[in-house]
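Source file data-v9.tsv; content: TSV, C-alpha atoms and all ligand atoms.
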chain	number	residue	atom	x	y	z
A	7	MET	CA	3.10	-2.80	-19.80
A	8	LYS	CA	2.94	-3.22	-16.05
A	9	HIS	CA	0.53	-1.50	-13.67
A	10	LEU	CA	0.97	-1.59	-9.89
A	11	ILE	CA	-2.53	-1.92	-8.42
A	12	ASP	CA	-1.92	-4.62	-5.81
A	13	PRO	CA	1.37	-5.82	-4.26
A	14	THR	CA	0.83	-9.21	-5.94
A	15	ASP	CA	1.17	-7.51	-9.33
A	16	LEU	CA	4.92	-7.65	-8.76
A	17	THR	CA	6.73	-10.99	-8.85
A	18	ARG	CA	9.31	-11.70	-6.16
A	19	GLN	CA	12.03	-11.03	-8.76
A	20	GLU	CA	10.47	-7.68	-9.72
A	21	THR	CA	10.10	-6.71	-6.05
A	22	ASP	CA	13.75	-7.64	-5.39
A	23	SER	CA	14.86	-5.72	-8.46
A	24	ILE	CA	12.99	-2.54	-7.40
A	25	ILE	CA	14.45	-2.75	-3.89
A	26	ALA	CA	17.96	-3.34	-5.27
A	27	LEU	CA	17.54	-0.40	-7.65
A	28	ALA	CA	16.36	1.83	-4.78
A	29	GLU	CA	19.49	0.86	-2.83
A	30	ASP	CA	21.65	1.67	-5.85
A	31	ILE	CA	19.90	5.05	-6.23
A	32	ILE	CA	20.62	5.80	-2.55
A	33	ALA	CA	24.30	4.90	-3.07
A	34	HIS	CA	24.72	6.68	-6.44
A	35	ARG	CA	22.12	9.44	-6.62
A	36	GLU	CA	23.98	11.45	-9.28
A	37	LYS	CA	23.89	8.46	-11.70
A	38	TYR	CA	20.07	8.70	-11.96
A	39	ARG	CA	19.67	12.48	-11.86
A	40	ASP	CA	18.58	13.01	-15.48
A	41	SER	CA	17.49	9.48	-16.29
A	42	LEU	CA	13.84	10.44	-16.92
A	43	LYS	CA	14.39	13.86	-18.48
A	44	TYR	CA	11.37	14.89	-20.60
A	45	HIS	CA	9.15	12.26	-18.93
A	46	LYS	CA	6.08	13.31	-16.99
A	47	LEU	CA	4.19	11.87	-14.02
A	48	ALA	CA	0.58	12.75	-13.16
A	49	THR	CA	-0.36	12.61	-9.48
A	50	LEU	CA	-4.15	12.25	-9.38
A	51	PHE	CA	-5.00	12.47	-5.68
A	52	TYR	CA	-8.71	12.36	-4.86
A	53	GLU	CA	-7.91	11.94	-1.15
A	54	PRO	CA	-5.54	13.79	1.23
A	55	SER	CA	-1.89	12.79	1.37
A	56	THR	CA	1.42	14.26	2.52
A	57	ARG	CA	4.06	11.56	2.17
A	58	THR	CA	2.86	9.64	-0.85
A	59	ARG	CA	2.08	12.59	-3.13
A	60	LEU	CA	5.13	14.64	-2.18
A	61	SER	CA	7.48	11.67	-2.35
A	62	PHE	CA	6.17	10.78	-5.83
A	63	THR	CA	6.69	14.41	-6.85
A	64	SER	CA	10.17	14.59	-5.36
A	65	ALA	CA	11.07	11.19	-6.87
A	66	MET	CA	10.11	12.24	-10.40
A	67	MET	CA	11.87	15.60	-10.05
A	68	GLU	CA	15.05	13.90	-8.83
A	69	LEU	CA	14.96	11.63	-11.91
A	70	GLY	CA	14.90	14.78	-14.08
A	71	GLY	CA	11.21	14.45	-15.01
A	72	ASN	CA	8.23	16.73	-14.48
A	73	VAL	CA	5.02	16.36	-12.49
A	74	LEU	CA	1.47	17.62	-12.98
A	75	GLY	CA	-1.81	16.66	-11.41
A	76	PHE	CA	-4.20	17.54	-8.63
A	77	SER	CA	-4.49	17.08	-4.89
A	78	ASP	CA	-8.13	18.12	-4.66
A	79	ALA	CA	-10.47	16.65	-7.28
A	80	LYS	CA	-13.08	19.31	-6.46
A	81	ASN	CA	-11.10	21.73	-8.65
A	82	THR	CA	-11.25	19.40	-11.66
A	83	SER	CA	-13.91	18.09	-14.03
A	84	VAL	CA	-14.50	15.29	-11.53
A	85	SER	CA	-16.83	17.83	-9.85
A	86	LYS	CA	-18.88	17.86	-13.09
A	87	GLY	CA	-19.22	14.08	-12.92
A	88	GLU	CA	-16.26	12.88	-15.00
A	89	THR	CA	-15.53	9.23	-14.27
A	90	VAL	CA	-12.19	7.75	-13.24
A	91	ALA	CA	-11.92	5.95	-16.60
A	92	ASP	CA	-12.56	9.13	-18.62
A	93	THR	CA	-10.21	11.18	-16.44
A	94	VAL	CA	-7.40	8.72	-17.12
A	95	ARG	CA	-8.20	8.57	-20.85
A	96	VAL	CA	-7.71	12.35	-20.87
A	97	VAL	CA	-4.66	12.55	-18.62
A	98	GLU	CA	-2.75	9.84	-20.50
A	99	ASN	CA	-2.46	12.28	-23.41
A	100	PHE	CA	-0.30	14.53	-21.24
A	101	VAL	CA	1.96	12.19	-19.23
A	102	ASP	CA	3.89	8.89	-19.29
A	103	VAL	CA	2.77	7.42	-15.95
A	104	VAL	CA	0.01	8.06	-13.38
A	105	ALA	CA	-0.01	7.71	-9.59
A	106	MET	CA	-3.61	7.69	-8.29
A	107	ARG	CA	-5.00	7.86	-4.76
A	108	HIS	CA	-8.75	7.45	-4.37
A	109	PRO	CA	-11.13	6.96	-1.43
A	110	LEU	CA	-13.12	4.40	-3.44
A	111	GLU	CA	-11.76	0.87	-3.51
A	112	GLY	CA	-10.92	-0.38	-6.98
A	113	ALA	CA	-10.61	3.08	-8.57
A	114	PRO	CA	-6.96	2.56	-9.66
A	115	PHE	CA	-7.97	-0.84	-11.08
A	116	VAL	CA	-10.68	0.87	-13.14
A	117	ALA	CA	-8.06	3.38	-14.30
A	118	SER	CA	-5.67	0.60	-15.31
A	119	ARG	CA	-8.36	-1.04	-17.46
A	120	ALA	CA	-8.88	2.22	-19.34
A	121	ALA	CA	-5.27	3.39	-19.64
A	122	HIS	CA	-2.49	2.85	-22.17
A	123	ILE	CA	0.22	4.01	-19.76
A	124	PRO	CA	1.29	2.51	-16.39
A	125	ILE	CA	-1.06	3.21	-13.47
A	126	ILE	CA	0.26	3.13	-9.91
A	127	ASN	CA	-2.16	2.68	-7.01
A	128	ALA	CA	-1.15	5.27	-4.40
A	129	GLY	CA	-3.82	3.98	-1.98
A	130	ASP	CA	-7.49	3.04	-2.59
A	131	GLY	CA	-9.84	3.16	0.41
A	132	SER	CA	-9.08	0.38	2.90
A	133	HIS	CA	-8.04	-1.91	0.07
A	134	ALA	CA	-4.37	-1.59	-0.93
A	135	HIS	CA	-1.31	0.67	-0.80
A	136	PRO	CA	1.39	-1.15	-2.75
A	137	THR	CA	3.95	1.68	-2.91
A	138	GLN	CA	3.84	1.95	0.89
A	139	THR	CA	4.56	-1.80	0.86
A	140	LEU	CA	7.67	-1.28	-1.28
A	141	THR	CA	8.69	1.47	1.16
A	142	ASP	CA	8.17	-0.91	4.10
A	143	LEU	CA	10.14	-3.74	2.47
A	144	LEU	CA	13.06	-1.44	1.65
A	145	THR	CA	13.01	-0.14	5.22
A	146	ILE	CA	13.03	-3.65	6.72
A	147	LYS	CA	15.93	-4.58	4.41
A	148	ARG	CA	17.93	-1.48	5.36
A	149	GLU	CA	17.20	-1.72	9.09
A	150	LEU	CA	17.72	-5.47	9.58
A	151	GLY	CA	19.85	-6.39	6.54
A	152	HIS	CA	17.30	-8.97	5.30
A	153	ILE	CA	13.57	-9.51	4.82
A	154	ASN	CA	13.42	-13.32	5.14
A	155	ASP	CA	13.20	-15.04	8.55
A	156	ILE	CA	11.60	-12.27	10.59
A	157	THR	CA	8.78	-12.04	13.10
A	158	ILE	CA	6.65	-8.97	12.45
A	159	GLY	CA	3.97	-7.63	14.77
A	160	PHE	CA	1.18	-5.56	13.24
A	161	CYS	CA	-0.49	-3.32	15.82
A	162	GLY	CA	-3.56	-1.07	15.79
A	163	ASP	CA	-6.15	-0.84	13.06
A	164	LEU	CA	-5.70	-4.11	11.18
A	165	LYS	CA	-9.28	-4.11	9.89
A	166	PHE	CA	-9.18	-0.95	7.77
A	167	GLY	CA	-5.41	-0.50	7.43
A	168	ARG	CA	-4.61	-0.81	3.74
A	169	THR	CA	-0.86	-0.64	4.43
A	170	VAL	CA	-1.14	-3.70	6.68
A	171	HIS	CA	-3.20	-5.67	4.14
A	172	SER	CA	-0.74	-4.90	1.35
A	173	LEU	CA	2.41	-5.66	3.37
A	174	ILE	CA	1.01	-9.00	4.59
A	175	LYS	CA	0.26	-9.97	0.98
A	176	ALA	CA	3.76	-9.00	-0.12
A	177	LEU	CA	5.43	-10.87	2.76
A	178	THR	CA	3.98	-14.17	1.50
A	179	LYS	CA	6.64	-14.00	-1.24
A	180	PHE	CA	9.41	-14.18	1.37
A	181	ASP	CA	10.60	-17.12	3.49
A	182	GLY	CA	10.40	-17.73	7.22
A	183	ILE	CA	7.96	-14.91	8.00
A	184	LYS	CA	5.92	-15.13	11.21
A	185	ILE	CA	3.11	-12.67	11.85
A	186	ILE	CA	1.65	-11.51	15.17
A	187	LEU	CA	-1.58	-9.51	14.99
A	188	ILE	CA	-2.05	-7.08	17.90
A	189	ALA	CA	-5.50	-5.46	17.76
A	190	PRO	CA	-8.72	-4.98	19.67
A	191	PRO	CA	-11.58	-7.29	18.59
A	192	GLU	CA	-13.23	-4.45	16.60
A	193	LEU	CA	-10.12	-3.88	14.50
A	194	ARG	CA	-8.92	-7.41	13.79
A	195	LEU	CA	-7.51	-8.39	10.40
A	196	PRO	CA	-10.32	-9.31	7.95
A	197	ASP	CA	-10.93	-13.05	7.73
A	198	TYR	CA	-10.30	-13.18	3.98
A	199	ILE	CA	-6.69	-12.05	4.50
A	200	LYS	CA	-6.18	-14.70	7.18
A	201	THR	CA	-7.61	-17.48	5.01
A	202	ASP	CA	-6.84	-16.46	1.42
A	203	VAL	CA	-3.43	-14.93	2.11
A	204	CYS	CA	-1.84	-16.28	5.33
A	205	ASP	CA	-3.33	-19.79	5.43
A	206	LYS	CA	-3.06	-20.31	1.68
A	207	GLN	CA	0.62	-19.33	1.65
A	208	ASN	CA	1.41	-21.20	4.90
A	209	MET	CA	2.45	-17.99	6.62
A	210	PRO	CA	1.88	-18.56	10.36
A	211	TYR	CA	0.03	-15.90	12.34
A	212	ARG	CA	-1.46	-15.53	15.78
A	213	GLU	CA	-3.71	-12.92	17.37
A	214	VAL	CA	-2.95	-11.27	20.72
A	215	SER	CA	-4.43	-8.38	22.69
A	216	THR	CA	-1.40	-6.44	23.98
A	217	ILE	CA	1.98	-5.21	22.75
A	218	GLU	CA	3.69	-6.19	26.03
A	219	GLU	CA	3.03	-9.93	25.72
A	220	VAL	CA	4.89	-10.22	22.38
A	221	ILE	CA	7.29	-7.29	22.04
A	222	GLY	CA	10.31	-9.41	22.98
A	223	GLU	CA	9.69	-11.75	20.02
A	224	LEU	CA	9.55	-9.08	17.35
A	225	ASP	CA	12.13	-8.09	14.71
A	226	VAL	CA	9.69	-5.50	13.34
A	227	LEU	CA	6.83	-3.74	15.10
A	228	TYR	CA	4.51	-2.20	12.51
A	229	MET	CA	2.34	0.40	14.25
A	230	THR	CA	-0.74	1.90	12.60
A	231	ARG	CA	-3.11	4.75	13.21
A	232	VAL	CA	-6.69	4.13	14.16
A	233	GLN	CA	-8.18	6.10	11.28
A	234	GLN	CA	-11.34	8.04	12.13
A	235	GLU	CA	-12.28	8.41	8.45
A	236	ARG	CA	-12.52	4.63	8.09
A	237	PHE	CA	-15.24	4.29	10.75
A	238	LEU	CA	-18.92	4.34	9.86
A	239	ASP	CA	-19.71	4.39	13.62
A	240	LEU	CA	-17.97	7.30	15.44
A	241	GLU	CA	-18.77	5.89	18.90
A	242	GLU	CA	-16.77	2.80	18.01
A	243	PHE	CA	-13.88	5.06	17.00
A	244	GLU	CA	-13.97	6.96	20.32
A	245	ARG	CA	-13.92	3.68	22.24
A	246	VAL	CA	-10.80	2.21	20.61
A	247	LYS	CA	-8.74	5.23	19.56
A	248	ASP	CA	-6.43	5.26	22.59
A	249	SER	CA	-5.72	1.54	22.52
A	250	PHE	CA	-2.29	0.18	21.82
A	251	VAL	CA	0.03	3.09	22.50
A	252	LEU	CA	3.81	2.47	22.23
A	253	ASP	CA	6.00	4.19	24.84
A	254	CYS	CA	9.56	3.86	26.19
A	255	GLU	CA	8.40	1.61	29.04
A	256	LYS	CA	7.05	-1.00	26.58
A	257	MET	CA	10.23	-0.68	24.47
A	258	LYS	CA	12.29	-1.97	27.45
A	259	GLY	CA	11.02	-5.46	26.59
A	260	ALA	CA	12.06	-5.28	22.90
A	261	LYS	CA	15.09	-6.84	21.20
A	262	LYS	CA	18.19	-4.62	20.87
A	263	LYS	CA	17.97	-4.99	17.08
A	264	MET	CA	14.38	-4.29	16.20
A	265	ALA	CA	12.71	-1.79	13.88
A	266	ILE	CA	9.59	0.22	14.64
A	267	LEU	CA	7.77	1.05	11.41
A	268	HIS	CA	4.73	3.22	10.90
A	269	PRO	CA	3.30	4.39	7.56
A	270	LEU	CA	2.42	7.72	9.27
A	271	PRO	CA	0.69	10.02	10.02
A	272	ARG	CA	0.57	9.03	13.69
A	273	VAL	CA	-1.82	10.46	16.21
A	274	ASN	CA	-0.94	9.14	19.67
A	275	GLU	CA	-0.13	5.48	19.04
A	276	ILE	CA	3.64	6.14	19.31
A	277	LEU	CA	4.55	8.67	21.99
A	278	PRO	CA	7.10	11.30	20.85
A	279	GLU	CA	9.50	10.02	23.58
A	280	VAL	CA	10.06	6.91	21.40
A	281	ASP	CA	11.40	9.00	18.50
A	282	GLU	CA	14.88	9.21	20.09
A	283	ASP	CA	15.13	5.40	20.34
A	284	PRO	CA	17.53	4.16	17.59
A	285	ARG	CA	15.00	1.45	16.76
A	286	ALA	CA	12.41	4.08	15.75
A	287	ALA	CA	12.68	3.76	11.96
A	288	TYR	CA	9.53	5.60	10.87
A	289	PHE	CA	11.15	8.82	9.69
A	290	ARG	CA	13.89	6.88	7.88
A	291	GLN	CA	10.99	4.92	6.34
A	292	VAL	CA	9.64	8.20	4.87
A	293	ALA	CA	13.03	8.87	3.24
A	294	ASN	CA	13.07	5.34	1.82
A	295	GLY	CA	9.64	6.00	0.28
A	296	LYS	CA	11.06	8.56	-2.10
A	297	PHE	CA	13.91	6.29	-3.26
A	298	VAL	CA	11.70	3.25	-3.76
A	299	ARG	CA	9.21	5.37	-5.77
A	300	MET	CA	12.12	6.58	-7.92
A	301	ALA	CA	13.01	2.92	-8.52
A	302	LEU	CA	9.39	2.04	-9.24
A	303	ILE	CA	8.75	4.83	-11.76
A	304	TYR	CA	12.08	4.12	-13.47
A	305	SER	CA	11.31	0.37	-13.67
A	306	LEU	CA	7.71	0.72	-14.91
A	307	LEU	CA	8.83	3.05	-17.71
A	308	LYS	CA	11.75	0.75	-18.60
A	309	TRP	CA	9.42	-2.29	-18.63
A	310	LYS	CA	6.69	-0.56	-20.63
A	311	ASP	CA	7.34	-2.41	-23.91
A	312	ASP	CA	8.82	-5.56	-22.38
A	313	PRO	CA	6.38	-8.51	-22.56
A	314	GLU	CA	8.31	-10.26	-19.75
A	315	HIS	CA	7.15	-7.53	-17.38
A	316	ALA	CA	3.58	-7.11	-18.62
A	317	SER	CA	0.69	-7.18	-16.15
A	318	PRO	CA	-0.77	-10.68	-16.54
A	319	GLU	CA	-4.13	-10.94	-18.26
A	320	ARG	CA	-6.83	-11.45	-15.59
A	321	THR	CA	-8.35	-14.62	-17.05
A	322	ASP	CA	-9.92	-15.33	-13.64
A	323	LEU	CA	-12.38	-12.42	-13.98
A	324	TYR	CA	-15.92	-12.94	-15.24
A	325	LYS	CA	-18.97	-10.74	-15.76
A	326	ASP	CA	-22.22	-11.48	-13.92
A	327	SER	CA	-24.94	-8.81	-13.84
A	328	SER	CA	-27.01	-10.84	-11.37
A	329	LEU	CA	-24.38	-10.28	-8.62
A	330	GLN	CA	-23.97	-7.10	-6.58
A	331	CYS	CA	-21.04	-5.98	-4.42
A	332	LYS	CA	-22.36	-4.63	-1.09
A	333	ASN	CA	-19.27	-2.60	-0.15
A	334	PRO	CA	-20.44	1.06	-0.06
A	335	LYS	CA	-16.85	2.18	-0.61
A	336	CYS	CA	-16.36	0.12	-3.78
A	337	ILE	CA	-16.05	2.06	-7.05
A	338	CYS	CA	-18.58	-0.32	-8.60
A	339	ASN	CA	-21.30	1.27	-6.43
A	340	HIS	CA	-20.44	4.81	-7.55
A	341	GLU	CA	-19.52	4.62	-11.24
A	342	LYS	CA	-20.81	2.53	-14.12
A	343	VAL	CA	-18.28	-0.29	-14.48
A	344	ASP	CA	-18.49	-3.87	-15.75
A	345	PRO	CA	-19.95	-6.24	-13.09
A	346	LEU	CA	-16.70	-8.16	-12.64
A	347	PHE	CA	-16.01	-10.93	-10.13
A	348	HIS	CA	-13.49	-13.67	-9.42
A	349	LYS	CA	-13.55	-16.92	-7.48
A	350	THR	CA	-10.93	-17.90	-4.92
A	351	ASP	CA	-9.69	-21.50	-4.57
A	352	ASP	CA	-12.29	-22.33	-1.90
A	353	GLY	CA	-15.13	-21.23	-4.24
A	354	THR	CA	-15.74	-17.83	-2.63
A	355	VAL	CA	-16.95	-15.23	-5.13
A	356	ARG	CA	-15.30	-11.84	-4.69
A	357	CYS	CA	-15.72	-8.42	-6.24
A	358	ALA	CA	-12.96	-7.76	-8.79
A	359	TYR	CA	-12.63	-4.13	-7.67
A	360	CYS	CA	-12.50	-4.31	-3.86
A	361	ASP	CA	-12.17	-8.08	-3.16
A	362	SER	CA	-15.25	-8.04	-0.91
A	363	LYS	CA	-16.95	-11.39	-0.44
A	364	ILE	CA	-20.08	-11.72	-2.57
A	365	ALA	CA	-21.06	-15.34	-1.94
A	401	LIG	N1	1.83	6.69	4.42
A	401	LIG	C1	0.95	7.44	3.70
A	401	LIG	O1	0.25	6.94	2.80
A	401	LIG	O2	0.93	8.77	4.05
A	401	LIG	P1	0.09	9.89	3.32
A	401	LIG	O3	-1.38	9.59	3.55
A	401	LIG	O4	0.52	11.18	3.93
A	401	LIG	O5	0.40	9.81	1.84

As structure tokens, what does this structure read like?
Ligand code: CP
Amino acid sequence: MKHLIDPTDLTRQETDSIIALAEDIIAHREKYRDSLKYHKLATLFYEPSTRTRLSFTSAMMELGGNVLGFSDAKNTSVSKGETVADTVRVVENFVDVVAMRHPLEGAPFVASRAAHIPIINAGDGSHAHPTQTLTDLLTIKRELGHINDITIGFCGDLKFGRTVHSLIKALTKFDGIKIILIAPPELRLPDYIKTDVCDKQNMPYREVSTIEEVIGELDVLYMTRVQQERFLDLEEFERVKDSFVLDCEKMKGAKKKMAILHPLPRVNEILPEVDEDPRAAYFRQVANGKFVRMALIYSLLKWKDDPEHASPERTDLYKDSSLQCKNPKCICNHEKVDPLFHKTDDGTVRCAYCDSKIA
């Protein structure tokens, strides 16, 4: 059985196969209409969402399946103190697959350790958003015709942006990728992604301070929202929120064939005047999200009993009750879970749930 908790849970072949299937679904929608009849998906959303929850729902309905779940955990037994693990142990009696969004980092991982059905991470805190990554990869493929050999600029909140972290991880599986990081000092990409992901996989990156100085080099400009809910310090949020706004004037310096992506929702980082530009791909990206989630659900259920597509056993994890993760948004600081850690190649100890550095 395969869970999708982190983009690295999918091999390059599995990623390619899901993208190819999504393209086939787009071309032959009627062929897949009843392919998951009598199957059920639970959407367990502990945090607000428009695109991800509704696209999962629409995806399952279009495959002929049914959907149940919640979009506000306050109306469930979570409000009485039920843990993520127990919730999943209950819900798996009613459905075939679960998509979970949670504000606490590592919650979908906890769910996957308890479950006997596939668990899909639909976004956990600032940590990961692997189905947005599949959406982004499909969009790049459809907009440019290929994913290899591109220069991609990530702009905005690179510190807390889980979509950015996940897409950078996934891009290491492709060839000839160059990354340009466009962010204010307060919102720069975390060091562990630069060292453990980019450096380790020889994926070149550089950091700049403005869109204008690099826009002409980019095949993809990935804009992100500066998310107020990710800030512990609201003054810091007020100071940076208007930085890095894309408008038609800046677009004059861009290549003719370039794609602007954004996971959405946007606030003011892309002015509405840019929407009419043919390179503005962000609403087409939303449409792709439904098709790639159809392909993902279909694949995970098809792979369920196939050992070739099983989630690999995490032999790198070890228990150590003398260590403590200091991330206040990690599930391990809110629910009773095993004290699990892993070591990266350079000897750094990291939390197994949120990947925060421990020592
Ligand atoms: N892109 C994304 O995750 O959007 P939602 O928060 O609306 O699901």

Considering all atoms listed in the file, tabulate each residue of chain A that lies at most 6 Å from ligand LIG 401 (chain A) along with its nearest interatomic pair and the corresponding distance in Å to one decimal; arrange the rows by chain and ascending residue number and present them as JSON lines.
{"residue": "A:Ser55", "atom": "CA", "partner": "A:LIG401", "partner_atom": "O5", "distance": 3.8}
{"residue": "A:Thr56", "atom": "CA", "partner": "A:LIG401", "partner_atom": "O4", "distance": 3.5}
{"residue": "A:Arg57", "atom": "CA", "partner": "A:LIG401", "partner_atom": "O4", "distance": 4.0}
{"residue": "A:Thr58", "atom": "CA", "partner": "A:LIG401", "partner_atom": "O5", "distance": 3.6}
{"residue": "A:Arg59", "atom": "CA", "partner": "A:LIG401", "partner_atom": "O5", "distance": 5.9}
{"residue": "A:Pro269", "atom": "CA", "partner": "A:LIG401", "partner_atom": "N1", "distance": 4.2}
{"residue": "A:Leu270", "atom": "CA", "partner": "A:LIG401", "partner_atom": "N1", "distance": 5.0}

Requested in this report: Extract, using all atoms listed in the file, all DNA, RNA and protein residues at most 12 Å from Asn339 (chain A), discarding same-chain residues fewer than 6 positions from it, and format them as a PyMOL selection string.
Outcome: chain A and resi 110-113+330-333+345+357+359-360

Separation of CA of Thr169 (chain A) and CA of His315 (chain A), in Å?
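We find that CA of Thr169 (chain A) and CA of His315 (chain A) lie 24.2 Å from each other.
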
Set up a box along x, y and z of the file covering all listed atoms of region 164-178 of chain A, add 8 Å on every one of the six sides, and write the centre and edge lengths in Å to one decimal, as lines of an AutoDock Vina configuration file.
center_x = -1.9
center_y = -7.3
center_z = 5.5
size_x = 30.7
size_y = 29.7
size_z = 27.3

Excluding region 38-48 of chain A and its own-chain neighbours fewer than 3 positions away, which residues fall within 9 Å of it when counting only C-alpha atoms? Please give them as a list in words.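 Answer for this query is Ile31, His34, Arg35, Phe62, Thr63, Met66, Met67, Glu68, Leu69, Gly70, Gly71, Asn72, Val73, Leu74, Gly75, Phe76, Val97, Glu98, Phe100, Val101, Asp102, Val103, Val104, Ala105, Met106, Ile303, Tyr304 and Leu307 of chain A.
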
Rank nothing, just name the residue among A:Met264, A:Leu302, A:Leu164, A:Ile199 nearest to Phe250 (chain A), using all atoms listed in the file.
->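 Nearest to Phe250 (chain A): A:Leu164.
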
task: Could you give me, as a list of chain:residue names, the residues within 12 Å of Asp253 (chain A), counting all atoms listed in the file and dropping anything in the same chain fewer than 6 positions from it?
output: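 In the requested form, the answer reads A:Ile217, A:Glu218, A:Ile221, A:Met229, A:Gly259, A:Ala260, A:Ile266, A:Asn274, A:Glu275, A:Ile276, A:Leu277, A:Pro278, A:Glu279, A:Val280, A:Asp281, A:Glu282, A:Asp283, A:Ala286.
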
- Task: Check the smallest atom-to-atom distance from each of A:Gly129, A:Thr157, A:Gln138, A:Arg119 to Leu50 (chain A) using all atoms listed in the file, then report the winner.
- Result: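 Of A:Gly129, A:Thr157, A:Gln138, A:Arg119, the one nearest Leu50 (chain A) is A:Gly129, counting all atoms listed in the file.
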
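Across the model, the gap from CA of Pro271 (chain A) to CA of Leu240 (chain A) is 19.6 Å.
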
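For the pair CA of His133 (chain A) and CA of His171 (chain A), the interatomic distance is 7.4 Å.
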
Got a sec: who's within 7 Å of Pro190 (chain A), counting all atoms listed in the file, leaving out chain neighbours fewer than 3 positions off, as a PyMOL selection string? chain A and resi 193-194+215

With all atoms listed in the file as the atoms that count, which of A:Ile25, A:Asn208, A:Asn81, A:Ile337 lies nearest to Asn294 (chain A)?
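Between A:Ile25, A:Asn208, A:Asn81, A:Ile337, the residue approaching Asn294 (chain A) most closely is A:Ile25.
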
request  = Rank A:Phe289, A:Asp202, A:Asp142, A:Leu238 by their smallest atom-to-atom distance to Lys349 (chain A), using all atoms listed in the file, and report the top residue only.
outcome  =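 Smallest distance to Lys349 (chain A) is found for A:Asp202.
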
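By chain and then residue number, the residues within 12 Å of Val220 (chain A) are Thr157, Ile158, Gly159, Phe160, Cys161, Ile185, Ile186, Leu187, Ile188, Arg212, Glu213, Val214, Ser215, Thr216, Ile217, Glu223, Leu224, Asp225, Val226, Leu227, Lys256, Met257, Gly259, Ala260 and Lys261 of chain A, counting all atoms listed in the file and disregarding those fewer than 3 positions away in sequence.
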
Point out the residue among A:Val246, A:Glu219, A:Ala33, A:Asp12 with the least atom-to-atom distance to Val232 (chain A), counting all atoms listed in the file.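 Result for the nearest residue to Val232 (chain A): A:Val246.
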
Once N, CA and C atoms are restored for region 100-115 of chain A, what would the output be as an mmCIF file, keeping the file's coordinate frame?
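So out25.cif came out as:
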data_model
loop_
_atom_site.group_PDB
_atom_site.id
_atom_site.type_symbol
_atom_site.label_atom_id
_atom_site.label_comp_id
_atom_site.auth_asym_id
_atom_site.auth_seq_id
_atom_site.Cartn_x
_atom_site.Cartn_y
_atom_site.Cartn_z
ATOM 1 N N PHE A 100 -1.226 13.492 -21.706
ATOM 2 C CA PHE A 100 -0.300 14.530 -21.240
ATOM 3 C C PHE A 100 0.929 13.969 -20.527
ATOM 4 N N VAL A 101 0.886 12.713 -20.096
ATOM 5 C CA VAL A 101 1.960 12.190 -19.230
ATOM 6 C C VAL A 101 2.344 10.767 -19.647
ATOM 7 N N ASP A 102 3.397 10.244 -18.990
ATOM 8 C CA ASP A 102 3.890 8.890 -19.290
ATOM 9 C C ASP A 102 3.469 7.869 -18.239
ATOM 10 N N VAL A 103 3.106 8.335 -17.047
ATOM 11 C CA VAL A 103 2.770 7.420 -15.950
ATOM 12 C C VAL A 103 1.876 8.177 -14.967
ATOM 13 N N VAL A 104 0.969 7.437 -14.319
ATOM 14 C CA VAL A 104 0.010 8.060 -13.380
ATOM 15 C C VAL A 104 0.132 7.400 -12.012
ATOM 16 N N ALA A 105 0.154 8.215 -10.959
ATOM 17 C CA ALA A 105 -0.010 7.710 -9.590
ATOM 18 C C ALA A 105 -1.359 8.223 -9.088
ATOM 19 N N MET A 106 -2.240 7.301 -8.680
ATOM 20 C CA MET A 106 -3.610 7.690 -8.290
ATOM 21 C C MET A 106 -3.926 7.247 -6.868
ATOM 22 N N ARG A 107 -4.416 8.204 -6.062
ATOM 23 C CA ARG A 107 -5.000 7.860 -4.760
ATOM 24 C C ARG A 107 -6.487 8.178 -4.829
ATOM 25 N N HIS A 108 -7.299 7.270 -4.271
ATOM 26 C CA HIS A 108 -8.750 7.450 -4.370
ATOM 27 C C HIS A 108 -9.416 6.870 -3.131
ATOM 28 N N PRO A 109 -10.442 7.538 -2.596
ATOM 29 C CA PRO A 109 -11.130 6.960 -1.430
ATOM 30 C C PRO A 109 -11.951 5.722 -1.772
ATOM 31 N N LEU A 110 -12.299 5.559 -3.047
ATOM 32 C CA LEU A 110 -13.120 4.400 -3.440
ATOM 33 C C LEU A 110 -12.233 3.219 -3.816
ATOM 34 N N GLU A 111 -12.572 2.061 -3.273
ATOM 35 C CA GLU A 111 -11.760 0.870 -3.510
ATOM 36 C C GLU A 111 -11.959 0.383 -4.939
ATOM 37 N N GLY A 112 -10.852 0.093 -5.595
ATOM 38 C CA GLY A 112 -10.920 -0.380 -6.980
ATOM 39 C C GLY A 112 -10.775 0.722 -8.013
ATOM 40 N N ALA A 113 -10.716 1.998 -7.588
ATOM 41 C CA ALA A 113 -10.610 3.080 -8.570
ATOM 42 C C ALA A 113 -9.334 2.968 -9.423
ATOM 43 N N PRO A 114 -8.157 2.702 -8.812
ATOM 44 C CA PRO A 114 -6.960 2.560 -9.660
ATOM 45 C C PRO A 114 -7.054 1.355 -10.604
ATOM 46 N N PHE A 115 -7.780 0.316 -10.190
ATOM 47 C CA PHE A 115 -7.970 -0.840 -11.080
ATOM 48 C C PHE A 115 -8.808 -0.433 -12.294
#
